[in-house]
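Everything below belongs to upload.cif, which stores mmCIF, C-alpha atoms.
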data_input
#
loop_
_atom_site.label_atom_id
_atom_site.label_comp_id
_atom_site.auth_asym_id
_atom_site.auth_seq_id
_atom_site.Cartn_x
_atom_site.Cartn_y
_atom_site.Cartn_z
CA MET A 1 -22.43 -28.78 58.66
CA TYR A 2 -25.07 -27.32 56.40
CA HIS A 3 -23.35 -28.55 53.20
CA ARG A 4 -22.79 -31.98 54.78
CA ASN A 5 -26.53 -32.34 55.23
CA LEU A 6 -27.10 -31.72 51.52
CA ALA A 7 -24.50 -34.21 50.34
CA HIS A 8 -26.98 -37.11 50.25
CA LEU A 9 -29.38 -35.30 47.89
CA ASN A 10 -29.43 -36.14 44.22
CA PRO A 11 -29.17 -33.22 41.71
CA TYR A 12 -32.94 -32.85 41.30
CA GLU A 13 -33.65 -32.82 45.05
CA LEU A 14 -30.80 -30.35 45.59
CA HIS A 15 -32.29 -28.11 42.90
CA LYS A 16 -35.71 -28.11 44.59
CA HIS A 17 -34.15 -27.39 47.98
CA LEU A 18 -32.20 -24.40 46.72
CA ILE A 19 -35.22 -22.98 44.89
CA ASN A 20 -37.38 -23.26 47.97
CA GLU A 21 -34.68 -21.81 50.22
CA TYR A 22 -33.54 -18.83 48.19
CA MET A 23 -36.27 -18.04 45.68
CA LEU A 24 -39.37 -18.63 47.79
CA THR A 25 -38.46 -18.02 51.42
CA LYS A 26 -35.68 -15.44 50.84
CA PRO A 27 -36.55 -13.44 47.71
CA GLY A 28 -33.68 -11.28 46.45
CA ALA A 29 -31.02 -13.22 48.33
CA THR A 30 -29.43 -14.38 45.05
CA LYS A 31 -28.61 -10.90 43.78
CA LEU A 32 -25.20 -11.12 45.44
CA LEU A 33 -24.43 -14.11 43.23
CA GLN A 34 -25.01 -12.17 39.99
CA ARG A 35 -21.92 -11.40 37.90
CA ASP A 36 -20.98 -7.79 37.07
CA THR A 37 -21.65 -7.38 33.33
CA SER A 38 -20.77 -3.67 33.06
CA ARG A 39 -17.31 -4.42 31.59
CA ASP A 40 -18.37 -7.18 29.23
CA LYS A 41 -17.33 -6.80 25.56
CA THR A 42 -18.67 -8.43 22.44
CA ASP A 43 -16.56 -9.33 19.39
CA HIS A 44 -17.94 -6.21 17.70
CA ASP A 45 -16.67 -4.04 20.56
CA VAL A 46 -13.22 -5.63 20.35
CA VAL A 47 -13.02 -5.06 16.57
CA ARG A 48 -14.05 -1.41 16.94
CA GLU A 49 -11.44 -0.76 19.64
CA ASN A 50 -8.60 -2.39 17.68
CA HIS A 51 -9.64 -1.29 14.19
CA ARG A 52 -6.96 -0.25 11.65
CA PHE A 53 -7.63 1.21 8.22
CA LEU A 54 -4.37 -0.41 7.05
CA TRP A 55 -2.51 -3.14 8.92
CA ASP A 56 0.76 -2.90 6.99
CA GLY A 57 3.63 -3.07 9.46
CA GLU A 58 1.33 -3.28 12.50
CA THR A 59 2.36 -5.71 15.26
CA VAL A 60 -0.31 -8.28 16.17
CA ASP A 61 0.59 -9.12 19.76
CA SER A 62 -2.78 -9.81 21.43
CA TRP A 63 -5.90 -11.83 20.76
CA GLU A 64 -7.91 -8.59 20.39
CA LYS A 65 -5.65 -7.43 17.56
CA GLN A 66 -5.75 -10.91 16.01
CA LEU A 67 -9.54 -10.73 15.91
CA ALA A 68 -9.49 -7.25 14.34
CA LYS A 69 -6.85 -8.37 11.81
CA LYS A 70 -8.97 -11.38 10.76
CA TYR A 71 -11.91 -9.06 10.19
CA TYR A 72 -9.68 -6.73 8.13
CA ASP A 73 -8.47 -9.64 5.97
CA LYS A 74 -12.07 -10.42 4.98
CA LEU A 75 -12.74 -6.90 3.69
CA PHE A 76 -12.61 -6.03 -0.03
CA LYS A 77 -9.95 -3.39 -0.52
CA GLU A 78 -10.44 -2.34 -4.16
CA TYR A 79 -12.76 0.66 -3.67
CA CYS A 80 -13.68 2.71 -0.58
CA ILE A 81 -16.97 3.77 0.95
CA SER A 82 -16.92 7.43 2.02
CA ASP A 83 -18.90 9.72 4.29
CA LEU A 84 -19.03 13.22 2.76
CA SER A 85 -21.56 14.71 5.19
CA ARG A 86 -18.89 17.09 6.60
CA TYR A 87 -17.11 17.92 3.35
CA LYS A 88 -17.31 21.70 3.98
CA GLU A 89 -15.12 21.20 7.06
CA ASN A 90 -12.64 19.28 4.89
CA LYS A 91 -13.43 16.14 6.88
CA VAL A 92 -13.98 12.97 4.85
CA ALA A 93 -14.29 9.51 6.42
CA MET A 94 -13.48 6.33 4.50
CA ARG A 95 -13.64 2.60 5.07
CA TRP A 96 -13.28 -0.57 3.02
CA ARG A 97 -16.28 -2.40 1.61
CA ILE A 98 -17.90 -5.42 3.25
CA GLU A 99 -19.21 -8.49 1.41
CA LYS A 100 -22.85 -7.45 1.01
CA GLU A 101 -21.77 -4.09 -0.46
CA VAL A 102 -19.61 -5.86 -3.02
CA VAL A 103 -22.55 -8.12 -3.96
CA VAL A 104 -24.88 -5.17 -4.70
CA GLY A 105 -22.09 -3.15 -6.36
CA LYS A 106 -21.95 -0.39 -3.77
CA GLY A 107 -18.84 1.71 -4.29
CA GLN A 108 -18.23 0.44 -7.82
CA PHE A 109 -21.48 0.47 -9.82
CA VAL A 110 -23.32 2.56 -7.19
CA CYS A 111 -21.99 5.86 -5.83
CA GLY A 112 -19.42 5.28 -3.09
CA ASP A 113 -20.92 7.82 -0.67
CA ARG A 114 -22.77 5.86 2.00
CA HIS A 115 -25.80 8.16 1.81
CA CYS A 116 -26.07 8.14 -2.02
CA GLU A 117 -27.56 5.49 -4.34
CA VAL A 118 -26.95 7.11 -7.76
CA ARG A 119 -25.83 4.63 -10.46
CA CYS A 120 -25.23 6.80 -13.53
CA GLU A 121 -22.32 9.06 -14.63
CA LEU A 122 -19.96 7.72 -11.97
CA ARG A 123 -16.40 9.05 -11.95
CA SER A 124 -13.29 7.44 -10.44
CA TRP A 125 -11.02 9.43 -8.15
CA GLU A 126 -7.61 8.60 -6.72
CA VAL A 127 -7.28 10.18 -3.30
CA ASN A 128 -4.28 10.44 -1.01
CA PHE A 129 -6.31 9.83 2.15
CA GLY A 130 -4.73 11.40 5.23
CA TYR A 131 -6.09 10.29 8.58
CA LEU A 132 -5.30 10.15 12.28
CA GLU A 133 -5.21 6.68 13.85
CA GLN A 134 -4.05 5.66 17.32
CA GLY A 135 -2.61 9.14 17.74
CA GLN A 136 -0.46 8.85 14.60
CA LYS A 137 -0.84 10.67 11.28
CA LYS A 138 -1.04 8.27 8.34
CA ASN A 139 -1.93 8.42 4.67
CA ALA A 140 -3.03 5.91 2.05
CA LEU A 141 -3.74 6.03 -1.69
CA VAL A 142 -7.35 4.92 -2.21
CA LYS A 143 -9.92 4.90 -5.03
CA LEU A 144 -13.46 6.27 -4.93
CA ARG A 145 -16.34 5.96 -7.41
CA LEU A 146 -18.69 8.92 -7.03
CA CYS A 147 -21.60 10.56 -8.86
CA PRO A 148 -21.17 14.15 -10.16
CA LYS A 149 -22.76 15.71 -7.08
CA CYS A 150 -20.62 13.74 -4.63
CA SER A 151 -17.56 14.37 -6.81
CA ASP A 152 -18.09 18.11 -6.31
CA LYS A 153 -18.20 17.54 -2.55
CA LEU A 154 -14.96 15.56 -2.64
CA ASN A 155 -13.21 18.33 -4.60
CA TYR A 156 -14.72 21.17 -2.55
CA HIS A 157 -11.38 22.21 -1.01
CA SER A 158 -8.85 20.78 -3.45
CA LYS A 159 -8.93 19.10 -6.84
CA LYS A 160 -8.31 15.36 -6.69
CA ARG A 161 -6.81 13.20 -9.45
CA GLU A 162 -9.44 11.63 -11.69
CA ILE A 163 -8.76 8.21 -13.19
CA LYS A 164 -9.77 7.84 -16.82
CA ARG A 165 -9.43 4.95 -19.22
CA LEU A 166 -9.72 4.64 -22.98
CA LYS A 167 -12.92 3.17 -24.31
CA LYS A 168 -12.77 0.00 -26.37
CA ARG A 169 -13.29 1.78 -29.70
CA ASP A 170 -10.50 4.26 -28.86
CA ARG A 171 -8.08 1.41 -28.14
CA LYS A 172 -9.04 -0.29 -31.40
CA THR A 173 -8.58 2.98 -33.34
CA LYS A 174 -5.15 3.51 -31.78
CA THR A 175 -4.13 -0.07 -32.67
CA SER A 176 -5.36 0.21 -36.29
CA THR A 177 -3.54 3.54 -36.69
CA SER A 178 -0.20 2.05 -35.63
CA LYS A 179 -0.68 -0.92 -37.98
CA GLY A 180 -1.56 1.41 -40.85
CA VAL A 181 1.67 3.32 -40.30
CA SER A 182 3.76 0.16 -40.54
CA GLY A 183 2.01 -0.98 -43.73
CA GLU A 184 2.56 2.29 -45.60
CA ALA A 185 6.19 2.64 -44.53
CA SER A 186 7.12 -0.76 -45.94
CA THR A 187 5.97 0.14 -49.48
CA SER A 188 7.67 3.52 -49.92
CA SER A 189 10.73 5.35 -48.63
CA ALA A 190 9.38 8.84 -49.48
CA ALA A 191 7.66 11.11 -46.99
CA LYS A 192 3.94 10.28 -46.80
CA PRO A 193 1.42 11.81 -44.40
CA ILE A 194 -1.12 9.39 -42.94
CA SER A 195 -4.15 10.95 -41.29
CA GLU A 196 -6.99 9.49 -39.28
CA GLY A 197 -9.40 11.87 -37.57
CA ASN A 198 -7.37 14.69 -36.04
CA THR A 199 -4.16 12.66 -35.90
CA ILE A 200 -1.38 13.17 -38.52
CA VAL A 201 1.69 10.97 -38.65
CA THR A 202 4.51 11.80 -41.08
CA ILE A 203 7.16 9.27 -42.11
CA THR A 204 10.27 10.66 -43.82
CA GLU A 205 13.06 8.86 -45.63
CA GLY A 206 15.60 7.36 -43.29
CA THR A 207 13.33 7.67 -40.28
CA GLU A 208 13.75 4.89 -37.75
CA PRO A 209 10.63 3.36 -36.13
CA GLU A 210 11.50 4.77 -32.71
CA ASP A 211 11.76 8.32 -34.15
CA ILE A 212 8.14 8.39 -35.32
CA THR A 213 6.05 10.84 -33.28
CA GLU A 214 2.39 11.71 -33.23
CA ARG A 215 0.88 15.20 -33.39
CA ALA A 216 -2.49 14.90 -31.73
CA GLY A 217 -3.84 18.47 -32.17
CA ASP A 218 -7.24 18.55 -30.55
CA ASN A 219 -7.32 14.81 -30.07
CA GLU A 220 -8.04 13.82 -26.45
CA ASP A 221 -5.25 11.21 -26.35
CA SER A 222 -1.93 12.96 -27.06
CA SER A 223 0.41 10.06 -26.29
CA THR A 224 3.07 8.86 -28.70
CA VAL A 225 2.47 6.21 -31.31
CA PRO A 226 2.96 2.68 -29.89
CA ASP A 227 6.35 1.12 -30.55
CA VAL A 228 6.57 -0.50 -33.98
CA THR A 229 8.54 -3.71 -33.80
CA GLU A 230 10.47 -5.32 -36.60
CA GLY A 231 7.94 -8.12 -36.82
CA SER A 232 5.06 -5.76 -37.50
CA TRP A 233 6.87 -4.20 -40.48
CA SER A 234 7.14 -7.55 -42.22
CA LYS A 235 3.65 -8.80 -41.33
CA GLY A 236 1.79 -5.70 -42.53
CA ASN A 237 -1.84 -5.63 -41.38
CA ASP A 238 -2.05 -9.21 -40.10
CA THR A 239 -4.01 -9.33 -36.88
CA GLU A 240 -2.58 -11.13 -33.90
CA GLU A 241 -4.87 -13.59 -32.19
CA LYS A 242 -5.52 -12.86 -28.52
CA THR A 243 -4.75 -15.52 -25.99
CA ARG A 244 -7.26 -16.50 -23.34
CA GLU A 245 -5.13 -14.73 -20.74
CA ASP A 246 -5.18 -11.46 -22.75
CA GLU A 247 -8.96 -11.61 -23.07
CA PHE A 248 -9.26 -12.19 -19.33
CA ASP A 249 -6.96 -9.20 -18.62
CA GLU A 250 -9.14 -6.97 -20.87
CA PHE A 251 -12.24 -8.18 -19.03
CA LEU A 252 -10.73 -7.26 -15.67
CA GLU A 253 -9.57 -3.90 -17.04
CA ASP A 254 -13.15 -3.08 -18.05
CA LEU A 255 -14.56 -4.35 -14.76
CA LEU A 256 -12.06 -2.75 -12.36
CA LEU A 257 -10.78 0.73 -13.04
#
Structure translated into structure tokens:
Amino acid sequence: MYHRNLAHLNPYELHKHLINEYMLTKPGATKLLQRDTSRDKTDHDVVRENHRFLWDGETVDSWEKQLAKKYYDKLFKEYCISDLSRYKENKVAMRWRIEKEVVVGKGQFVCGDRHCEVRCELRSWEVNFGYLEQGQKKNALVKLRLCPKCSDKLNYHSKKREIKRLKKRDRKTKTSTSKGVSGEASTSSAAKPISEGNTIVTITEGTEPEDITERAGDNEDSSTVPDVTEGSWSKGNDTEEKTREDEFDEFLEDLLL
């Protein structure tokens, strides 16, 4: 009967009636109409609950996992950000970088520890990261860029594998050495030592290109001499022009370790 009496009111008149009835004459009567917000979750809460460090092989069977997977796909998974505050307990936390960290170079040109901002003398480490997730033990091979002080923290309990790369001048020296070997061998069949720095290469009569070895001595790079192809023996010291794709690969090699 009460609702039937209000049916003739337009929306504005109905609004005024309800305000006068419940807010003015019966203060507090509307508290029973309030929704329980204690179990509400934001998107951030859902992502935190369904977070995975790696999603390889994980089944995405709910909208919560779909949301967390979409967030994971937007992360940059080249270098990690670490938390070394509990390194003495052999507890290291890692996560992937977000967009704003990539923009400022955090984790690549700035130390990868989240509490450190050192930019000089960074070293690259390859770490077999073991972690416990959803009650399961997992491991992943990740890369970290750390300053000397943070590197000592990372290696406090066990020595990790450091990633090193040849500098540009070292690569050029190695290339010129191999070309020098091919040029000398084509002019004489006798044994001739060729030396450059601390490296000595000896070519004897009847030696095939694949039998040539390099004695590095104290040289830092003790790898074998690069393969000498048949074409390089005939061309001598002619330099090969780099393609645009090769130059781009060298640029990425210098940029990303």
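The residue that comes closest to Gln108 (chain A), out of A:Tyr156, A:Tyr12, A:Phe129, A:Phe76 and on the basis of all atoms listed in the file, is A:Phe76.
Closest approach to Gly107 (chain A) among A:Arg145, A:Arg86, A:Arg119, A:Arg35 is made by A:Arg145 (distances from only C-alpha atoms).
With all atoms listed in the file taken into account, the protein and nucleic acid residues at most 10 Å from Lys149 (chain A) (excluding it and anything under 3 positions from it in its own chain) are A:Cys111, A:Cys116, A:Val118, A:Leu122, A:Leu146, A:Asp152, A:Lys153, A:Leu154.
CA of Glu78 (chain A) lies 15.0 Å from CA of Asp113 (chain A).
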- line: The distance between CA of Glu58 (chain A) and CA of Tyr71 (chain A) is 14.6 Å
task: List the residues matched by the PyMOL selection byres ((chain A and resi 141) around 7) in the displayed structure as a ChimeraX atom specification, ordered by chain and then by residue number.
output: /A:126-129,140,142
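This file, filtered with the PyMOL selection byres ((chain A and resi 51-55) around 9), gives the residues A:Val46, A:Val47, A:Arg48, A:Glu49, A:Asn50, A:Asp56, A:Gly57, A:Glu58, A:Thr59, A:Lys65, A:Ala68, A:Lys69, A:Tyr72, A:Met94, A:Arg95, A:Trp96, A:Glu133, A:Gln134, A:Ala140.
Rounded to one decimal, CA of Ile98 (chain A) and CA of Gln136 (chain A) lie 25.2 Å from each other.
The residue that comes closest to Thr42 (chain A), out of A:Glu64, A:Arg165, A:Gly130, A:Glu245 and on the basis of only C-alpha atoms, is A:Glu64.
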